[in-house]
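Asker: Contents of final-v9.csv (CSV, C-alpha atoms and all ligand atoms):
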chain,number,residue,atom,x,y,z
A,1,MET,CA,7.8,153.3,110.7
A,2,ALA,CA,8.4,150.9,107.7
A,3,THR,CA,9.7,152.3,104.5
A,4,VAL,CA,8.7,151.2,101.1
A,5,LEU,CA,11.2,152.2,98.4
A,6,ALA,CA,9.5,152.8,95.1
A,7,LEU,CA,11.8,153.0,92.0
A,8,LEU,CA,10.9,154.1,88.5
A,9,ALA,CA,13.1,152.8,85.8
A,10,SER,CA,11.5,154.8,83.0
A,11,ALA,CA,13.1,158.0,81.7
A,12,ARG,CA,9.6,159.3,80.9
A,13,ARG,CA,8.8,160.8,84.3
A,14,ASN,CA,5.1,161.2,83.6
A,15,GLY,CA,4.5,158.3,81.3
A,16,TYR,CA,2.5,155.1,81.6
A,17,THR,CA,5.0,153.3,83.9
A,18,ALA,CA,5.0,156.3,86.1
A,19,SER,CA,1.3,156.5,86.4
A,20,LEU,CA,1.1,152.8,87.5
A,21,LEU,CA,3.8,153.4,90.0
A,22,ASN,CA,2.0,156.4,91.4
A,23,GLU,CA,-1.1,154.3,91.9
A,24,ALA,CA,0.9,151.7,93.8
A,25,VAL,CA,2.6,154.4,95.8
A,26,ASN,CA,-0.7,156.1,96.8
A,27,ALA,CA,-2.1,152.7,97.9
A,28,SER,CA,1.1,151.9,99.9
A,29,ARG,CA,0.7,155.3,101.7
A,30,GLN,CA,-2.7,154.3,102.9
A,31,VAL,CA,-1.3,151.5,104.9
A,32,LYS,CA,-0.8,152.6,108.5
A,33,GLY,CA,2.8,152.7,109.7
A,34,VAL,CA,4.3,152.9,106.3
A,35,SER,CA,6.2,155.8,104.6
A,36,LEU,CA,7.2,156.0,101.0
A,37,ASP,CA,10.6,156.8,99.5
A,38,VAL,CA,10.1,157.4,95.8
A,39,HIS,CA,12.9,157.9,93.2
A,40,ASN,CA,13.7,157.7,89.5
A,41,LEU,CA,16.7,155.5,88.8
A,42,HIS,CA,17.7,157.9,86.0
A,43,ASP,CA,18.5,160.6,88.6
A,44,TYR,CA,21.4,158.5,89.9
A,45,GLN,CA,24.9,157.8,88.6
A,46,PHE,CA,26.0,154.2,88.5
A,47,GLY,CA,27.3,151.8,85.9
A,48,PRO,CA,27.6,148.1,85.6
A,49,CYS,CA,29.5,145.8,88.1
A,50,THR,CA,33.2,145.8,87.2
A,51,SER,CA,33.8,142.2,88.4
A,52,CYS,CA,36.5,143.3,90.8
A,53,PHE,CA,35.0,140.9,93.4
A,54,ALA,CA,36.2,143.1,96.3
A,55,CYS,CA,32.6,142.7,97.7
A,56,ILE,CA,33.3,139.0,98.1
A,57,ARG,CA,36.8,139.3,99.6
A,58,SER,CA,35.8,141.8,102.3
A,59,ASP,CA,34.0,140.7,105.5
A,60,GLU,CA,31.4,143.5,105.1
A,61,HIS,CA,30.5,142.4,101.5
A,62,LEU,CA,30.1,145.9,100.3
A,63,CYS,CA,30.8,147.5,96.9
A,64,VAL,CA,33.9,149.6,96.6
A,65,LEU,CA,32.8,151.7,93.6
A,66,LYS,CA,32.4,155.4,94.3
A,67,ASP,CA,29.0,155.9,92.7
A,68,ASP,CA,25.4,155.9,93.8
A,69,MET,CA,25.2,152.1,94.1
A,70,GLY,CA,28.6,151.7,95.9
A,71,ALA,CA,28.6,151.2,99.7
A,72,ASP,CA,28.4,154.9,100.4
A,73,GLY,CA,26.1,155.7,97.5
A,74,GLU,CA,22.7,157.4,98.1
A,75,LEU,CA,20.7,154.7,96.2
A,76,TRP,CA,22.4,151.8,97.9
A,77,GLN,CA,21.7,153.4,101.3
A,78,ALA,CA,18.1,153.8,100.3
A,79,VAL,CA,17.8,150.1,99.5
A,80,THR,CA,19.5,149.1,102.7
A,81,CYS,CA,17.0,151.2,104.7
A,82,ALA,CA,14.0,149.9,102.9
A,83,HIS,CA,11.6,147.3,104.3
A,84,GLY,CA,9.9,146.8,101.0
A,85,LEU,CA,10.7,147.5,97.3
A,86,ILE,CA,8.6,148.3,94.3
A,87,LEU,CA,10.2,148.5,90.9
A,88,ALA,CA,8.3,149.9,88.0
A,89,ASP,CA,9.9,149.3,84.6
A,90,PRO,CA,9.0,150.0,81.0
A,91,VAL,CA,9.3,147.0,78.6
A,92,HIS,CA,12.3,147.5,76.4
A,93,GLY,CA,13.2,145.1,73.6
A,94,TRP,CA,10.8,142.4,74.8
A,95,GLY,CA,12.3,142.4,78.3
A,96,PRO,CA,13.2,144.6,81.2
A,97,SER,CA,14.9,147.9,80.6
A,98,ALA,CA,18.7,148.2,80.8
A,99,MET,CA,18.2,150.5,83.8
A,100,ALA,CA,16.3,147.9,85.8
A,101,HIS,CA,19.0,145.3,84.9
A,102,LEU,CA,21.8,147.7,85.9
A,103,PHE,CA,20.2,148.4,89.3
A,104,LEU,CA,19.5,144.8,90.1
A,105,GLU,CA,23.0,143.7,89.0
A,106,ARG,CA,24.6,146.2,91.4
A,107,LEU,CA,22.8,144.4,94.3
A,108,TYR,CA,25.3,141.6,93.8
A,109,PRO,CA,27.3,142.3,97.1
A,110,ALA,CA,24.2,141.4,99.1
A,111,LEU,CA,24.3,137.8,97.8
A,112,PHE,CA,27.3,137.3,100.1
A,113,SER,CA,26.0,139.1,103.2
A,114,GLY,CA,22.4,138.0,102.7
A,115,ILE,CA,21.0,141.4,103.7
A,116,PHE,CA,18.3,141.5,101.1
A,117,SER,CA,17.2,137.9,101.5
A,118,GLY,CA,13.5,138.1,102.5
A,119,LEU,CA,13.1,141.8,101.5
A,120,PRO,CA,9.4,142.2,100.3
A,121,PHE,CA,9.4,143.0,96.6
A,122,GLY,CA,6.9,143.7,93.8
A,123,SER,CA,7.3,144.8,90.2
A,124,ILE,CA,5.4,146.4,87.4
A,125,SER,CA,6.4,145.8,83.7
A,126,CYS,CA,4.7,148.2,81.4
A,127,ALA,CA,4.4,147.9,77.6
A,128,SER,CA,2.5,150.1,75.1
A,129,ASN,CA,3.5,148.8,71.7
A,130,GLN,CA,4.1,145.2,70.6
A,131,GLY,CA,4.1,144.1,74.2
A,132,MET,CA,6.0,141.1,75.6
A,133,GLN,CA,5.3,142.4,79.1
A,134,HIS,CA,5.0,138.8,80.3
A,135,LEU,CA,8.6,138.0,79.3
A,136,ALA,CA,9.7,141.2,81.1
A,137,ARG,CA,7.9,140.2,84.2
A,138,SER,CA,9.4,136.7,84.2
A,139,GLU,CA,12.8,138.1,83.9
A,140,ILE,CA,12.4,140.5,86.8
A,141,CYS,CA,10.9,137.7,88.8
A,142,LYS,CA,13.9,135.6,88.1
A,143,TRP,CA,16.2,138.4,89.3
A,144,ALA,CA,14.0,138.8,92.4
A,145,PHE,CA,14.5,135.0,93.0
A,146,CYS,CA,18.2,135.4,92.5
A,147,LYS,CA,18.4,138.2,95.1
A,148,GLY,CA,16.2,136.2,97.5
A,149,PHE,CA,13.5,138.9,97.6
A,150,ARG,CA,10.2,137.9,99.2
A,151,TYR,CA,8.0,138.2,96.1
A,152,GLN,CA,4.7,139.9,96.5
A,153,GLY,CA,3.8,139.7,92.8
A,154,GLY,CA,4.6,141.3,89.5
A,155,LEU,CA,2.3,143.0,87.0
A,156,ALA,CA,2.6,142.4,83.3
A,157,VAL,CA,0.8,145.4,81.9
A,158,HIS,CA,-0.1,146.4,78.4
A,159,VAL,CA,-1.7,149.9,78.3
A,160,VAL,CA,-4.6,148.4,76.4
A,161,HIS,CA,-5.7,147.4,79.9
A,162,LEU,CA,-4.4,150.5,81.8
A,163,ASP,CA,-7.6,151.1,83.9
A,164,GLU,CA,-7.7,147.5,85.1
A,165,SER,CA,-3.9,147.6,85.7
A,166,MET,CA,-4.2,150.7,87.8
A,167,ARG,CA,-6.4,148.7,90.2
A,168,GLU,CA,-3.9,145.9,90.2
A,169,ALA,CA,-1.1,148.3,90.8
A,170,ALA,CA,-2.9,149.7,93.9
A,171,ALA,CA,-3.4,146.1,95.2
A,172,LEU,CA,0.3,145.4,94.7
A,173,GLY,CA,1.3,148.6,96.4
A,174,ARG,CA,-0.9,147.6,99.4
A,175,ARG,CA,0.6,144.1,99.5
A,176,VAL,CA,4.2,145.3,99.5
A,177,ALA,CA,3.4,147.9,102.1
A,178,GLU,CA,1.8,145.3,104.4
A,179,ALA,CA,4.8,143.0,104.0
A,180,ALA,CA,7.1,145.9,104.6
A,181,ARG,CA,5.3,146.7,107.9
A,182,GLU,CA,5.9,143.1,109.0
A,183,ASP,CA,9.5,143.3,107.9
A,184,GLU,CA,10.0,146.3,110.1
A,185,ARG,CA,8.0,145.1,113.0
A,186,ASP,CA,9.3,141.5,113.2
A,187,GLY,CA,12.7,141.9,111.6
A,188,ARG,CA,13.7,140.4,108.3
A,189,HIS,CA,13.1,136.7,107.7
A,190,PRO,CA,15.8,135.6,105.4
A,191,TYR,CA,15.0,132.6,103.2
A,192,THR,CA,16.9,129.3,103.5
A,193,ASP,CA,17.8,128.2,100.0
A,194,GLN,CA,15.2,125.5,100.1
A,195,GLU,CA,12.5,127.9,101.2
A,196,ARG,CA,13.4,130.3,98.5
A,197,PHE,CA,13.2,127.7,95.7
A,198,LEU,CA,9.9,126.5,97.0
A,199,ALA,CA,8.5,130.0,97.6
A,200,TYR,CA,8.9,130.8,94.0
A,201,ALA,CA,7.3,127.6,92.8
A,202,ASP,CA,4.1,129.5,92.2
A,203,SER,CA,5.6,132.7,91.0
A,204,HIS,CA,6.2,134.1,87.5
A,205,TRP,CA,9.6,132.4,87.3
A,206,VAL,CA,10.0,128.8,88.5
A,207,ALA,CA,13.6,127.6,88.9
A,208,TYR,CA,13.0,123.9,88.6
A,209,GLU,CA,12.9,123.3,84.8
A,210,PRO,CA,15.4,125.9,83.9
A,211,TYR,CA,17.8,124.5,86.5
A,212,ILE,CA,17.4,121.0,85.3
A,213,ALA,CA,18.0,122.2,81.8
A,214,ASN,CA,21.0,124.2,83.0
A,215,LEU,CA,22.7,121.1,84.6
A,216,THR,CA,21.7,118.6,81.9
A,217,ARG,CA,22.3,120.8,78.9
A,218,GLY,CA,18.7,120.9,78.0
A,219,THR,CA,18.3,117.1,77.9
A,220,GLY,CA,17.0,116.1,81.4
A,221,SER,CA,19.5,113.2,81.5
A,222,TRP,CA,22.4,112.9,83.9
A,223,GLU,CA,24.6,111.2,81.3
A,224,GLU,CA,24.4,114.4,79.2
A,225,SER,CA,24.9,116.7,82.2
A,226,ILE,CA,27.6,119.3,82.4
A,227,LEU,CA,28.5,117.6,85.7
A,228,TYR,CA,29.1,114.1,84.4
A,229,GLN,CA,30.7,115.2,81.2
A,230,GLY,CA,33.0,117.7,83.1
A,231,LEU,CA,34.1,114.9,85.4
A,232,GLN,CA,34.7,112.5,82.5
A,233,ALA,CA,36.8,115.1,80.7
A,234,GLY,CA,38.9,115.6,83.8
A,235,VAL,CA,38.1,119.3,84.0
A,236,PHE,CA,37.9,119.2,87.8
A,237,THR,CA,41.6,119.0,88.5
A,238,ARG,CA,41.4,120.2,92.2
A,239,PRO,CA,40.5,117.2,94.4
A,240,ASP,CA,38.1,119.3,96.5
A,241,ALA,CA,36.3,120.6,93.4
A,242,ARG,CA,36.2,117.1,92.0
A,243,GLU,CA,34.6,115.8,95.2
A,244,LEU,CA,32.0,118.5,95.2
A,245,ALA,CA,31.2,117.9,91.5
A,246,GLU,CA,30.8,114.2,92.2
A,247,GLN,CA,28.4,115.0,95.1
A,248,ALA,CA,26.5,117.3,92.8
A,249,LEU,CA,26.2,114.6,90.2
A,250,GLU,CA,25.0,112.0,92.8
A,251,VAL,CA,22.3,114.3,94.2
A,252,LEU,CA,21.3,115.4,90.6
A,253,ARG,CA,20.8,111.7,89.8
A,254,GLN,CA,18.6,111.3,92.9
A,255,SER,CA,16.6,114.4,91.9
A,256,LEU,CA,16.0,113.1,88.4
A,257,ALA,CA,15.0,109.6,89.8
A,258,ALA,CA,12.5,111.3,92.1
A,259,ARG,CA,11.1,113.2,89.1
A,260,ASP,CA,10.7,110.0,87.2
A,261,GLU,CA,8.7,108.7,90.1
A,262,ASP,CA,6.5,111.8,90.1
A,263,LYS,CA,7.8,113.0,93.5
A,264,GLY,CA,7.9,116.6,92.5
A,265,GLU,CA,8.7,118.3,95.8
A,266,GLU,CA,11.4,115.7,96.7
A,267,SER,CA,12.9,116.1,93.3
A,268,TYR,CA,12.9,119.9,93.7
A,269,LYS,CA,14.5,119.8,97.2
A,270,LEU,CA,17.2,117.5,95.9
A,271,LEU,CA,17.8,119.8,93.0
A,272,VAL,CA,18.4,122.7,95.4
A,273,ARG,CA,21.1,120.6,97.1
A,274,ALA,CA,22.6,119.5,93.8
A,275,SER,CA,22.8,123.1,92.7
A,276,ALA,CA,24.5,124.1,95.9
A,277,PHE,CA,27.2,121.4,95.5
A,278,TRP,CA,27.6,122.5,91.8
A,279,THR,CA,28.0,126.1,92.8
A,280,ARG,CA,30.7,125.1,95.3
A,281,ALA,CA,32.5,122.8,92.8
A,282,THR,CA,32.7,125.5,90.1
A,283,TRP,CA,33.6,128.2,92.6
A,284,LYS,CA,36.6,126.0,93.8
A,285,GLN,CA,37.7,125.0,90.3
A,286,PHE,CA,37.2,128.2,88.3
A,287,LEU,CA,36.9,131.1,90.6
A,288,GLU,CA,38.6,130.7,94.0
A,289,GLU,CA,42.2,131.2,93.1
A,290,GLU,CA,42.4,132.6,89.6
A,291,VAL,CA,39.5,135.0,89.7
A,292,ILE,CA,38.2,136.0,93.1
A,293,GLY,CA,41.0,135.2,95.5
A,294,ALA,CA,38.6,134.1,98.3
A,295,SER,CA,36.7,131.0,99.3
A,296,GLN,CA,32.9,130.9,98.9
A,297,PRO,CA,31.2,132.9,101.7
A,298,ASP,CA,29.2,130.7,104.0
A,299,ALA,CA,26.0,132.6,103.4
A,300,TYR,CA,26.1,132.0,99.7
A,301,ARG,CA,24.6,128.7,98.5
A,302,PRO,CA,25.4,126.6,101.5
A,303,VAL,CA,25.2,122.8,100.9
A,304,ASN,CA,23.3,122.4,104.1
A,305,GLY,CA,20.6,124.9,103.3
A,306,GLN,CA,17.9,123.4,105.4
A,307,GLY,CA,18.0,125.4,108.6
A,308,ARG,CA,17.1,129.0,109.1
A,309,GLY,CA,20.2,131.1,109.5
A,310,GLU,CA,22.4,128.6,107.7
A,311,SER,CA,21.4,129.9,104.3
A,312,GLN,CA,20.9,133.6,104.3
A,313,GLY,CA,22.4,134.1,100.9
A,314,ALA,CA,20.9,133.5,97.5
A,315,GLU,CA,21.5,132.4,94.0
A,316,GLY,CA,23.1,134.9,91.7
A,317,SER,CA,25.7,133.9,89.3
B,401,LIG,C1,14.4,151.0,73.8
B,401,LIG,C2,12.9,150.8,73.8
B,401,LIG,C3,12.4,149.5,73.6
B,401,LIG,C4,11.1,149.3,73.7
B,401,LIG,N1,10.6,148.0,73.5
B,401,LIG,C5,9.3,147.8,73.6
B,401,LIG,C6,8.8,146.5,73.6
B,401,LIG,O1,9.5,145.5,73.4
B,401,LIG,N2,7.5,146.3,73.7
B,401,LIG,C7,6.6,147.3,73.9
B,401,LIG,O2,5.4,147.1,74.0
B,401,LIG,N3,7.0,148.6,74.0
B,401,LIG,C8,8.4,148.8,73.9
B,401,LIG,N4,8.8,150.1,74.0
B,401,LIG,C9,7.9,151.1,74.4
B,401,LIG,C10,7.8,151.2,75.9
B,401,LIG,O3,7.7,150.0,76.5
B,401,LIG,C11,6.8,152.1,76.4
B,401,LIG,O4,7.3,153.4,76.4
B,401,LIG,C12,6.1,151.7,77.7
B,401,LIG,O5,4.7,151.9,77.6
B,401,LIG,C13,6.6,152.2,78.9
B,401,LIG,O6,5.9,153.4,79.3
B,401,LIG,P1,6.6,154.8,79.5
B,401,LIG,O7,7.6,155.0,78.5
B,401,LIG,O8,5.4,155.7,79.4
B,401,LIG,O9,7.2,154.7,80.9
B,401,LIG,C14,10.2,150.4,73.9
B,401,LIG,C15,10.7,151.7,74.1
B,401,LIG,C16,12.0,151.9,74.1
B,401,LIG,C17,12.6,153.3,74.4
Please render this file's structure as structure tokens.
Ligand SMILES: Cc1cc2nc3c(=O)[nH]c(=O)nc-3n(C[C@H](O)[C@H](O)[C@H](O)COP(=O)(O)O)c2cc1C

Answerer:
Amino acid sequence: MATVLALLASARRNGYTASLLNEAVNASRQVKGVSLDVHNLHDYQFGPCTSCFACIRSDEHLCVLKDDMGADGELWQAVTCAHGLILADPVHGWGPSAMAHLFLERLYPALFSGIFSGLPFGSISCASNQGMQHLARSEICKWAFCKGFRYQGGLAVHVVHLDESMREAAALGRRVAEAAREDERDGRHPYTDQERFLAYADSHWVAYEPYIANLTRGTGSWEESILYQGLQAGVFTRPDARELAEQALEVLRQSLAARDEDKGEESYKLLVRASAFWTRATWKQFLEEEVIGASQPDAYRPVNGQGRGESQGAEGS
């Protein structure tokens, strides 16, 4: 039997967000071979990640905190048993609620084991006042991308359209349940990094432009990039970090050149590779010795992220 974990991030147990989640849950239940595990995040005790990085240093890549999102925690256990996940979240301050952010932040250890890469996921962002539900949905989609979830869609709801949204919530619930059934039947299919970036190319958050902006400091030009300028300034003092940063710069230049030639997909694939080199370079220079005390786990942002199984981890930091 496949399990869909349905999580409500609203403290209002019978509010608008809850009614949408109920609709999704009822529709999920109709899918044969699927059972539902429904919880309110407010019933659990967990705080933010404390940056101890024990989850990276240990081979198991599990959280050592003694709360509901630690390795032995009830909520963490529920996520690890799930074949699909639905998160229903009220819009707070033009974005996701703090509770949703907290929950997703605490999934950090899984970036290094890859266990949630490919987990079917859908979200509901519900607003009833000024709105900005689209911003909230994009943000949750970005986090789903970071975790490597297999995105089944996200609803941006304003209660002005509650009736219509109820039907969309039901459809989303069915989609997640069907994907969960496959996850249980066939086993999880973790994304390679390249698959993940491409899979989200039609989603509510597309990595390409933000990542180009990230590396080039918003300019789109390699001369202005954080890579080139960091290298010029001699910031990469470790030879291995410097070499990785140089490789990142070279591949970024290729990606930007492909973009100039309107070769969108090639540019995107090269960007995935540049970003993997960049992740490794910064890890070596700024994190490995002084902060984490461990080298970068193989599953996390491999530079050869083409083949299945070589790249079970995902982007996160
Ligand atoms: C801290 C806080 C911030 C909020 N910010 C927004 C907002 O940015 N936009 C909006 O439309 N509603 C906002 N609201 C209202 C909630 O989004 C509203 O309650 C929403 O419909 C969720 O439904 P629920 O509370 O019935 O679950 C906010 C509520 C709180 C408590």

Asker: Any idea what the distance is between atom CA of Arg196 of chain A and atom CA of His158 of chain A?

Answerer: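 We find that atom CA of Arg196 of chain A and atom CA of His158 of chain A lie 29.1 Å from each other.
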
Asker: Taking all atoms listed in the file into account, list the residues no farther than 12 Å from ligand LIG 401 (chain B), as number ranges by chain.

Answerer: A: 8-22, 40, 88-99, 124-136, 156-162

Asker: Using all atoms listed in the file, find each residue in segment 206-271 of chain A having at least one atom no more than 10 Å away from segment 286-292 of chain A; report its shortest atom-to-atom pair and that distance in Å (one decimal), rows by chain then rising number, as a tab-separated table.

Answerer:
residue	atom	partner	partner_atom	distance
A:Val235	CA	A:Phe286	CA	9.9
A:Phe236	CA	A:Phe286	CA	9.0
A:Arg238	CA	A:Phe286	CA	9.8
A:Ala241	CA	A:Phe286	CA	9.2

Asker: May I ask for the distance between atom CA of Cys63 of chain A and atom CA of Leu104 of chain A, given in Å to one decimal place?

Answerer: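 Between atom CA of Cys63 of chain A and atom CA of Leu104 of chain A the gap works out to 13.5 Å.
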
Asker: Quote the spacing between atom CA of Pro297 of chain A and atom CA of Ser113 of chain A in Å to one decimal place.

Answerer: 8.2 Å

Asker: Compare A:Leu41, A:Val176, A:Ala248, A:Ala54 by their minimum atom-to-atom distance to Ala281 of chain A, counting all atoms listed in the file, and give me the closest one.

Answerer: A:Ala248
